[in-house]
$ cat final.cif   # mmCIF, C-alpha atoms and all ligand atoms
data_target
#
loop_
_atom_site.label_atom_id
_atom_site.label_comp_id
_atom_site.auth_asym_id
_atom_site.auth_seq_id
_atom_site.Cartn_x
_atom_site.Cartn_y
_atom_site.Cartn_z
CA MET A 242 42.31 93.58 -74.86
CA THR A 243 40.70 90.21 -74.32
CA LEU A 244 39.47 88.71 -71.07
CA ALA A 245 40.93 85.22 -70.71
CA PHE A 246 40.31 82.65 -67.97
CA ILE A 247 43.14 80.41 -66.82
CA GLY A 248 42.82 77.20 -64.80
CA LEU A 249 45.66 76.37 -62.41
CA GLY A 250 46.32 72.91 -60.97
CA SER A 251 49.07 71.15 -59.04
CA ASN A 252 49.46 67.97 -57.01
CA LEU A 253 53.24 67.69 -56.59
CA CYS A 254 56.07 69.59 -54.86
CA ASP A 255 53.96 71.72 -52.48
CA PRO A 256 50.87 72.43 -54.61
CA HIS A 257 49.89 75.44 -52.51
CA ALA A 258 53.28 77.11 -53.09
CA GLN A 259 53.21 76.15 -56.78
CA ILE A 260 49.85 77.85 -57.35
CA ILE A 261 50.75 80.99 -55.39
CA LYS A 262 54.06 81.28 -57.25
CA ALA A 263 52.36 80.76 -60.61
CA ILE A 264 49.86 83.55 -59.87
CA ASP A 265 52.75 85.87 -58.95
CA VAL A 266 54.55 85.03 -62.20
CA ILE A 267 51.39 85.44 -64.30
CA ALA A 268 50.91 88.86 -62.69
CA LEU A 269 54.26 89.88 -64.19
CA ILE A 270 53.47 88.93 -67.81
CA GLU A 271 53.79 92.04 -69.92
CA ASN A 272 50.58 93.61 -71.18
CA CYS A 273 48.49 91.38 -68.96
CA LYS A 274 46.48 92.37 -65.93
CA ILE A 275 44.92 89.91 -63.52
CA GLN A 276 41.28 90.84 -62.91
CA ALA A 277 40.21 88.22 -60.36
CA VAL A 278 41.54 85.12 -58.64
CA SER A 279 39.28 82.43 -57.16
CA SER A 280 39.83 80.76 -53.80
CA LEU A 281 42.26 77.88 -53.73
CA TYR A 282 40.44 74.56 -53.75
CA PHE A 283 41.38 71.02 -52.74
CA SER A 284 40.12 68.51 -55.28
CA ARG A 285 40.18 64.77 -55.73
CA PRO A 286 42.17 63.59 -58.72
CA MET A 287 40.28 63.12 -61.92
CA GLY A 288 41.83 60.16 -63.70
CA PRO A 289 44.02 57.58 -61.94
CA GLN A 290 43.32 57.64 -58.19
CA ASP A 291 46.83 56.58 -57.14
CA GLN A 292 48.07 60.17 -57.16
CA PRO A 293 47.88 62.95 -54.54
CA ASP A 294 44.89 65.29 -54.25
CA TYR A 295 45.12 68.47 -56.28
CA MET A 296 44.99 72.13 -55.51
CA ASN A 297 43.10 74.13 -58.14
CA ALA A 298 42.18 77.73 -58.83
CA VAL A 299 40.97 79.90 -61.70
CA LEU A 300 41.95 83.45 -62.55
CA SER A 301 40.87 85.99 -65.12
CA LEU A 302 43.32 88.06 -67.07
CA GLU A 303 43.00 91.05 -69.40
CA THR A 304 45.55 90.50 -72.13
CA ASN A 305 46.59 91.74 -75.52
CA LEU A 306 48.55 88.55 -76.23
CA SER A 307 47.02 86.31 -78.86
CA ALA A 308 45.69 83.01 -77.55
CA ILE A 309 48.71 81.15 -78.94
CA SER A 310 51.22 83.64 -77.43
CA LEU A 311 49.41 83.30 -74.13
CA LEU A 312 49.72 79.51 -74.42
CA ASP A 313 53.46 79.82 -75.17
CA THR A 314 53.91 82.06 -72.14
CA LEU A 315 51.96 79.74 -69.83
CA GLN A 316 53.88 76.68 -71.07
CA GLU A 317 57.14 78.48 -70.35
CA ILE A 318 55.95 79.10 -66.79
CA GLU A 319 54.98 75.40 -66.47
CA ASN A 320 58.39 74.33 -67.73
CA LYS A 321 60.20 76.67 -65.34
CA SER A 322 58.27 75.12 -62.44
CA GLY A 323 60.14 71.91 -63.17
CA ARG A 324 57.28 70.17 -64.90
CA VAL A 325 58.45 67.38 -67.14
CA ARG A 326 56.33 66.85 -70.24
CA LYS A 327 56.09 63.16 -70.77
CA ASP A 328 53.37 60.72 -71.59
CA ASN A 329 51.40 61.38 -68.41
CA ARG A 330 48.25 63.05 -69.65
CA TRP A 331 46.32 61.74 -66.65
CA GLY A 332 49.16 61.65 -64.14
CA ALA A 333 50.46 63.82 -61.32
CA ARG A 334 51.95 67.18 -62.23
CA ILE A 335 53.84 70.04 -60.61
CA LEU A 336 51.93 72.74 -62.47
CA ASP A 337 49.20 72.82 -65.05
CA LEU A 338 48.08 76.13 -66.59
CA ASP A 339 45.15 75.79 -68.98
CA ILE A 340 43.50 78.47 -71.06
CA LEU A 341 39.83 77.86 -70.29
CA LEU A 342 38.34 80.76 -72.25
CA TYR A 343 39.73 83.49 -74.45
CA GLY A 344 37.07 86.13 -74.87
CA THR A 345 34.27 84.62 -76.91
CA GLU A 346 36.64 82.77 -79.24
CA VAL A 347 36.11 79.19 -80.30
CA MET A 348 39.23 77.44 -81.48
CA ASN A 349 40.09 73.89 -82.38
CA THR A 350 43.70 73.39 -83.39
CA THR A 351 46.26 70.72 -82.55
CA ARG A 352 47.75 72.92 -79.83
CA LEU A 353 44.70 74.62 -78.46
CA THR A 354 41.04 73.88 -77.91
CA ILE A 355 39.03 76.83 -76.58
CA PRO A 356 36.78 76.67 -74.61
CA HIS A 357 38.83 74.04 -72.77
CA TYR A 358 37.34 70.60 -73.46
CA GLY A 359 37.02 69.78 -69.75
CA LEU A 360 35.44 73.03 -68.65
CA LYS A 361 31.83 71.86 -68.36
CA ILE A 362 32.54 68.52 -66.71
CA ARG A 363 35.32 69.31 -64.23
CA GLU A 364 34.07 70.56 -60.87
CA PHE A 365 37.56 71.85 -60.03
CA VAL A 366 37.33 74.18 -63.05
CA LEU A 367 33.65 75.07 -63.12
CA LEU A 368 33.18 75.94 -59.43
CA PRO A 369 36.20 78.27 -59.12
CA LEU A 370 35.16 79.83 -62.43
CA ALA A 371 31.63 80.37 -61.11
CA GLU A 372 33.10 81.98 -58.00
CA ILE A 373 34.79 84.76 -60.01
CA ALA A 374 32.44 84.99 -63.02
CA PRO A 375 28.95 83.76 -62.08
CA THR A 376 27.21 85.73 -64.81
CA LEU A 377 29.52 84.56 -67.59
CA CYS A 378 28.10 82.67 -70.54
CA LEU A 379 30.10 80.33 -72.76
CA PRO A 380 30.32 80.96 -76.51
CA ASP A 381 27.59 78.31 -76.97
CA GLY A 382 25.28 80.27 -74.66
CA ASP A 383 25.51 77.97 -71.61
CA SER A 384 25.50 79.84 -68.32
CA ILE A 385 28.38 79.23 -65.90
CA ARG A 386 26.03 79.67 -62.95
CA GLU A 387 23.65 76.98 -64.21
CA LEU A 388 26.41 74.57 -65.16
CA SER A 389 28.03 75.03 -61.74
CA GLN A 390 24.73 74.42 -59.93
CA ASN A 391 24.25 71.14 -61.74
CA ILE A 392 27.68 69.57 -61.32
CA THR A 393 28.58 67.05 -58.60
CA THR A 394 31.10 68.64 -56.24
CA ASN A 395 33.08 65.39 -55.79
CA GLY A 396 34.43 66.56 -52.43
CA LEU A 397 35.77 69.86 -53.78
CA LYS A 398 36.66 72.07 -50.78
CA ILE A 399 37.85 75.63 -50.40
CA HIS A 400 41.36 75.59 -48.94
CA SER A 401 41.85 79.33 -48.60
CA LYS A 402 40.79 82.64 -50.03
CA LEU A 403 43.39 84.85 -51.62
CA ARG A 404 43.41 88.60 -51.46
CA TYR A 405 43.68 89.99 -54.93
N1 LIG B 501 42.35 66.32 -61.26
C1 LIG B 501 42.15 67.39 -60.46
N2 LIG B 501 41.39 67.24 -59.36
N3 LIG B 501 42.67 68.61 -60.74
C2 LIG B 501 43.44 68.81 -61.83
O1 LIG B 501 43.93 69.94 -62.04
C3 LIG B 501 43.69 67.72 -62.69
N4 LIG B 501 44.44 67.84 -63.82
C4 LIG B 501 44.64 66.83 -64.65
C5 LIG B 501 44.03 65.48 -64.43
C6 LIG B 501 45.12 64.41 -64.47
C7 LIG B 501 43.02 65.23 -65.54
N5 LIG B 501 43.32 65.38 -63.17
C8 LIG B 501 43.12 66.46 -62.36
O2 LIG B 501 45.36 67.04 -65.73
#
$ encode --input "final.cif" --output "structure tokens" --more "lines below"
Ligand code: ROI
Amino acid sequence: MTLAFIGLGSNLCDPHAQIIKAIDVIALIENCKIQAVSSLYFSRPMGPQDQPDYMNAVLSLETNLSAISLLDTLQEIENKSGRVRKDNRWGARILDLDILLYGTEVMNTTRLTIPHYGLKIREFVLLPLAEIAPTLCLPDGDSIRELSQNITTNGLKIHSKLRY
């Protein structure tokens, strides 16, 4: 089993409901067990500012799926949420599920970069991650606690805590 960390984000079609539903669906993936879920956070959009604020969270998952099978499964969940994949890399989205970390693996393929390339510079990833895994270190040795203490919060706010 591998401990993976997943980032969740939404800023369309009731983001709060989208994130809660996604967590419920992830909890049902076979041979996966959610270990921890962060609070839900409100965040300002990174990228174009003419889009709604986001809701973000991070969860950890014990899984025996390979990283690529996990990606396939998460993309299926994104697609079922109604997300349309078009050329909107920096635009609004119904649901975004990113593999942030997969054990201590480092991977750089066309489909998957692990650790996630935005992990160290996105407050809406780093702070929820630090909430559930403060003692975690990245494969390059950087400490999540230190990174999270040194990042600008950019107005990131806890919306609600989930019981998990
Ligand atoms: N901005 C925020 N605040 N949260 C996200 O999840 C998010 N996702 C994205 C981009 C467009 C980069 N901006 C975001 O994909």
$ atom_distance --input "final.cif" --atom1 "CA of Leu367 (chain A)" --atom2 "CA of Lys321 (chain A)"
26.7 Å
$ closest_residue --input "final.cif" --among "A:Gly248, A:Leu397, A:Ser307, A:Lys402" --to "Leu370 (chain A)" --atoms "only C-alpha atoms"
A:Gly248
$ closest_residue --input "final.cif" --among "A:Ile385, A:Ile261, A:Leu249, A:Leu341" --to "Leu368 (chain A)" --atoms "all atoms listed in the file"
A:Ile385
$ residues_around --input "final.cif" --residues "Gln276 (chain A)" --least-positions-apart "6" --cutoff "10 Å" --atoms "all atoms listed in the file" --output "VMD selection string"
chain A and resid 244 to 246 268 300 to 303 373 405
$ closest_residue --input "final.cif" --among "A:Thr354, A:Thr394, A:Asn252, A:Thr314" --to "ligand LIG 501 (chain B)" --atoms "all atoms listed in the file"
A:Asn252
$ residues_around --input "final.cif" --residues "region 293-295 of chain A" --least-positions-apart "2" --cutoff "9 Å" --atoms "only C-alpha atoms" --output "list in words"
Gly250, Ser251, Asn252, Leu253, Pro256, Tyr282, Phe283, Ser284, Arg285, Pro286, Gln290, Asp291, Asn297 and Ala333 of chain A
$ closest_residue --input "final.cif" --among "A:Ser280, A:Gln292, A:Thr243, A:Gln316" --to "ligand LIG 501 (chain B)" --atoms "only C-alpha atoms and all ligand atoms"
A:Gln292
$ axis_aligned_box --input "final.cif" --around "ligand LIG 501 (chain B)" --padding-each-side "6 Å" --output "AutoDock Vina command-line options"
--center_x 43.4 --center_y 67.2 --center_z -62.5 --size_x 16.0 --size_y 17.5 --size_z 18.4
$ closest_residue --input "final.cif" --among "A:Asn305, A:Asn320, A:Asn349, A:Ser279" --to "Ile264 (chain A)" --atoms "all atoms listed in the file"
A:Ser279
$ atom_distance --input "final.cif" --atom1 "atom C8 of ligand LIG 501 (chain B)" --atom2 "CA of Thr393 (chain A)"
15.0 Å
$ residues_around --input "final.cif" --residues "Cys273 (chain A)" --least-positions-apart "2" --cutoff "6 Å" --atoms "all atoms listed in the file" --output "ChimeraX atom specification"
/A:270-271,303-304
$ atom_distance --input "final.cif" --atom1 "CA of Leu281 (chain A)" --atom2 "CA of Ala298 (chain A)"
5.1 Å
$ closest_residue --input "final.cif" --among "A:Ala258, A:Ile247, A:Ala371, A:Ile340" --to "Ser389 (chain A)" --atoms "all atoms listed in the file"
A:Ala371
$ residues_near_point --input "final.cif" --point "(54.3, 75.4, -67.3)" --cutoff "10 Å" --atoms "only C-alpha atoms" --output "ChimeraX atom specification"
/A:249,263,312-326,334-339
$ decode --input "final.cif" --residues "region 296-326 of chain A" --atoms "N, CA, C and O atoms" --output "PDB file, in the first residue's frame"
ATOM      1  N   MET A 296     -12.939  26.608  -3.770  1.00  0.00           N
ATOM      2  CA  MET A 296     -12.905  25.852  -2.539  1.00  0.00           C
ATOM      3  C   MET A 296     -11.870  24.744  -2.752  1.00  0.00           C
ATOM      4  O   MET A 296     -11.853  24.104  -3.806  1.00  0.00           O
ATOM      5  N   ASN A 297     -10.994  24.584  -1.763  1.00  0.00           N
ATOM      6  CA  ASN A 297      -9.915  23.586  -1.883  1.00  0.00           C
ATOM      7  C   ASN A 297      -9.824  22.728  -0.634  1.00  0.00           C
ATOM      8  O   ASN A 297     -10.209  23.162   0.468  1.00  0.00           O
ATOM      9  N   ALA A 298      -9.313  21.545  -0.792  1.00  0.00           N
ATOM     10  CA  ALA A 298      -9.034  20.645   0.327  1.00  0.00           C
ATOM     11  C   ALA A 298      -7.963  19.661  -0.119  1.00  0.00           C
ATOM     12  O   ALA A 298      -7.642  19.573  -1.313  1.00  0.00           O
ATOM     13  N   VAL A 299      -7.406  18.958   0.849  1.00  0.00           N
ATOM     14  CA  VAL A 299      -6.427  17.904   0.559  1.00  0.00           C
ATOM     15  C   VAL A 299      -6.808  16.681   1.382  1.00  0.00           C
ATOM     16  O   VAL A 299      -7.253  16.825   2.535  1.00  0.00           O
ATOM     17  N   LEU A 300      -6.676  15.513   0.795  1.00  0.00           N
ATOM     18  CA  LEU A 300      -6.890  14.292   1.584  1.00  0.00           C
ATOM     19  C   LEU A 300      -5.741  13.319   1.357  1.00  0.00           C
ATOM     20  O   LEU A 300      -5.032  13.385   0.343  1.00  0.00           O
ATOM     21  N   SER A 301      -5.587  12.406   2.311  1.00  0.00           N
ATOM     22  CA  SER A 301      -4.594  11.343   2.147  1.00  0.00           C
ATOM     23  C   SER A 301      -5.322  10.018   2.036  1.00  0.00           C
ATOM     24  O   SER A 301      -6.406   9.826   2.623  1.00  0.00           O
ATOM     25  N   LEU A 302      -4.711   9.141   1.258  1.00  0.00           N
ATOM     26  CA  LEU A 302      -5.366   7.911   0.840  1.00  0.00           C
ATOM     27  C   LEU A 302      -4.350   6.784   0.820  1.00  0.00           C
ATOM     28  O   LEU A 302      -3.310   6.905   0.177  1.00  0.00           O
ATOM     29  N   GLU A 303      -4.649   5.696   1.530  1.00  0.00           N
ATOM     30  CA  GLU A 303      -3.843   4.470   1.385  1.00  0.00           C
ATOM     31  C   GLU A 303      -4.370   3.739   0.171  1.00  0.00           C
ATOM     32  O   GLU A 303      -5.580   3.494   0.090  1.00  0.00           O
ATOM     33  N   THR A 304      -3.518   3.387  -0.757  1.00  0.00           N
ATOM     34  CA  THR A 304      -4.004   2.738  -1.971  1.00  0.00           C
ATOM     35  C   THR A 304      -3.038   1.680  -2.468  1.00  0.00           C
ATOM     36  O   THR A 304      -1.829   1.803  -2.259  1.00  0.00           O
ATOM     37  N   ASN A 305      -3.611   0.650  -3.124  1.00  0.00           N
ATOM     38  CA  ASN A 305      -2.707  -0.255  -3.831  1.00  0.00           C
ATOM     39  C   ASN A 305      -2.838  -0.094  -5.344  1.00  0.00           C
ATOM     40  O   ASN A 305      -2.338  -0.911  -6.103  1.00  0.00           O
ATOM     41  N   LEU A 306      -3.517   0.978  -5.785  1.00  0.00           N
ATOM     42  CA  LEU A 306      -3.519   1.320  -7.205  1.00  0.00           C
ATOM     43  C   LEU A 306      -2.163   1.923  -7.550  1.00  0.00           C
ATOM     44  O   LEU A 306      -1.563   2.625  -6.741  1.00  0.00           O
ATOM     45  N   SER A 307      -1.709   1.675  -8.772  1.00  0.00           N
ATOM     46  CA  SER A 307      -0.502   2.363  -9.232  1.00  0.00           C
ATOM     47  C   SER A 307      -0.848   3.840  -9.399  1.00  0.00           C
ATOM     48  O   SER A 307      -2.026   4.210  -9.456  1.00  0.00           O
ATOM     49  N   ALA A 308       0.161   4.675  -9.494  1.00  0.00           N
ATOM     50  CA  ALA A 308      -0.083   6.112  -9.645  1.00  0.00           C
ATOM     51  C   ALA A 308      -0.929   6.379 -10.893  1.00  0.00           C
ATOM     52  O   ALA A 308      -1.856   7.198 -10.863  1.00  0.00           O
ATOM     53  N   ILE A 309      -0.649   5.668 -11.968  1.00  0.00           N
ATOM     54  CA  ILE A 309      -1.369   5.931 -13.225  1.00  0.00           C
ATOM     55  C   ILE A 309      -2.810   5.429 -13.136  1.00  0.00           C
ATOM     56  O   ILE A 309      -3.732   6.071 -13.639  1.00  0.00           O
ATOM     57  N   SER A 310      -3.045   4.294 -12.453  1.00  0.00           N
ATOM     58  CA  SER A 310      -4.428   3.825 -12.266  1.00  0.00           C
ATOM     59  C   SER A 310      -5.195   4.779 -11.366  1.00  0.00           C
ATOM     60  O   SER A 310      -6.392   5.018 -11.574  1.00  0.00           O
ATOM     61  N   LEU A 311      -4.501   5.316 -10.372  1.00  0.00           N
ATOM     62  CA  LEU A 311      -5.151   6.302  -9.501  1.00  0.00           C
ATOM     63  C   LEU A 311      -5.526   7.535 -10.318  1.00  0.00           C
ATOM     64  O   LEU A 311      -6.638   8.064 -10.196  1.00  0.00           O
ATOM     65  N   LEU A 312      -4.629   7.974 -11.190  1.00  0.00           N
ATOM     66  CA  LEU A 312      -4.917   9.123 -12.064  1.00  0.00           C
ATOM     67  C   LEU A 312      -6.135   8.828 -12.947  1.00  0.00           C
ATOM     68  O   LEU A 312      -7.033   9.671 -13.067  1.00  0.00           O
ATOM     69  N   ASP A 313      -6.171   7.643 -13.550  1.00  0.00           N
ATOM     70  CA  ASP A 313      -7.319   7.266 -14.396  1.00  0.00           C
ATOM     71  C   ASP A 313      -8.616   7.345 -13.595  1.00  0.00           C
ATOM     72  O   ASP A 313      -9.621   7.875 -14.066  1.00  0.00           O
ATOM     73  N   THR A 314      -8.569   6.805 -12.385  1.00  0.00           N
ATOM     74  CA  THR A 314      -9.769   6.781 -11.542  1.00  0.00           C
ATOM     75  C   THR A 314     -10.207   8.199 -11.179  1.00  0.00           C
ATOM     76  O   THR A 314     -11.396   8.532 -11.230  1.00  0.00           O
ATOM     77  N   LEU A 315      -9.249   9.047 -10.837  1.00  0.00           N
ATOM     78  CA  LEU A 315      -9.595  10.423 -10.443  1.00  0.00           C
ATOM     79  C   LEU A 315     -10.132  11.201 -11.647  1.00  0.00           C
ATOM     80  O   LEU A 315     -11.065  11.998 -11.520  1.00  0.00           O
ATOM     81  N   GLN A 316      -9.564  10.944 -12.826  1.00  0.00           N
ATOM     82  CA  GLN A 316     -10.043  11.661 -14.027  1.00  0.00           C
ATOM     83  C   GLN A 316     -11.462  11.224 -14.389  1.00  0.00           C
ATOM     84  O   GLN A 316     -12.268  12.023 -14.854  1.00  0.00           O
ATOM     85  N   GLU A 317     -11.758   9.946 -14.126  1.00  0.00           N
ATOM     86  CA  GLU A 317     -13.120   9.470 -14.358  1.00  0.00           C
ATOM     87  C   GLU A 317     -14.098  10.198 -13.415  1.00  0.00           C
ATOM     88  O   GLU A 317     -15.186  10.598 -13.819  1.00  0.00           O
ATOM     89  N   ILE A 318     -13.684  10.380 -12.178  1.00  0.00           N
ATOM     90  CA  ILE A 318     -14.543  11.099 -11.220  1.00  0.00           C
ATOM     91  C   ILE A 318     -14.714  12.558 -11.675  1.00  0.00           C
ATOM     92  O   ILE A 318     -15.818  13.102 -11.640  1.00  0.00           O
ATOM     93  N   GLU A 319     -13.638  13.188 -12.136  1.00  0.00           N
ATOM     94  CA  GLU A 319     -13.740  14.563 -12.656  1.00  0.00           C
ATOM     95  C   GLU A 319     -14.718  14.613 -13.824  1.00  0.00           C
ATOM     96  O   GLU A 319     -15.570  15.504 -13.890  1.00  0.00           O
ATOM     97  N   ASN A 320     -14.591  13.678 -14.733  1.00  0.00           N
ATOM     98  CA  ASN A 320     -15.455  13.681 -15.921  1.00  0.00           C
ATOM     99  C   ASN A 320     -16.918  13.490 -15.541  1.00  0.00           C
ATOM    100  O   ASN A 320     -17.805  14.140 -16.080  1.00  0.00           O
ATOM    101  N   LYS A 321     -17.160  12.617 -14.559  1.00  0.00           N
ATOM    102  CA  LYS A 321     -18.544  12.360 -14.140  1.00  0.00           C
ATOM    103  C   LYS A 321     -19.146  13.575 -13.441  1.00  0.00           C
ATOM    104  O   LYS A 321     -20.358  13.709 -13.355  1.00  0.00           O
ATOM    105  N   SER A 322     -18.301  14.458 -12.912  1.00  0.00           N
ATOM    106  CA  SER A 322     -18.820  15.662 -12.252  1.00  0.00           C
ATOM    107  C   SER A 322     -19.343  16.652 -13.286  1.00  0.00           C
ATOM    108  O   SER A 322     -19.942  17.660 -12.935  1.00  0.00           O
ATOM    109  N   GLY A 323     -19.090  16.375 -14.549  1.00  0.00           N
ATOM    110  CA  GLY A 323     -19.545  17.279 -15.602  1.00  0.00           C
ATOM    111  C   GLY A 323     -18.443  18.171 -16.125  1.00  0.00           C
ATOM    112  O   GLY A 323     -18.668  19.029 -16.976  1.00  0.00           O
ATOM    113  N   ARG A 324     -17.257  17.975 -15.610  1.00  0.00           N
ATOM    114  CA  ARG A 324     -16.129  18.791 -16.056  1.00  0.00           C
ATOM    115  C   ARG A 324     -15.859  18.565 -17.540  1.00  0.00           C
ATOM    116  O   ARG A 324     -15.827  17.443 -18.010  1.00  0.00           O
ATOM    117  N   VAL A 325     -15.689  19.665 -18.245  1.00  0.00           N
ATOM    118  CA  VAL A 325     -15.375  19.567 -19.663  1.00  0.00           C
ATOM    119  C   VAL A 325     -13.902  19.887 -19.822  1.00  0.00           C
ATOM    120  O   VAL A 325     -13.436  20.931 -19.366  1.00  0.00           O
ATOM    121  N   ARG A 326     -13.159  18.944 -20.420  1.00  0.00           N
ATOM    122  CA  ARG A 326     -11.738  19.193 -20.640  1.00  0.00           C
ATOM    123  C   ARG A 326     -11.556  19.972 -21.917  1.00  0.00           C
ATOM    124  O   ARG A 326     -11.725  19.475 -22.994  1.00  0.00           O
TER     125      ARG A 326
END
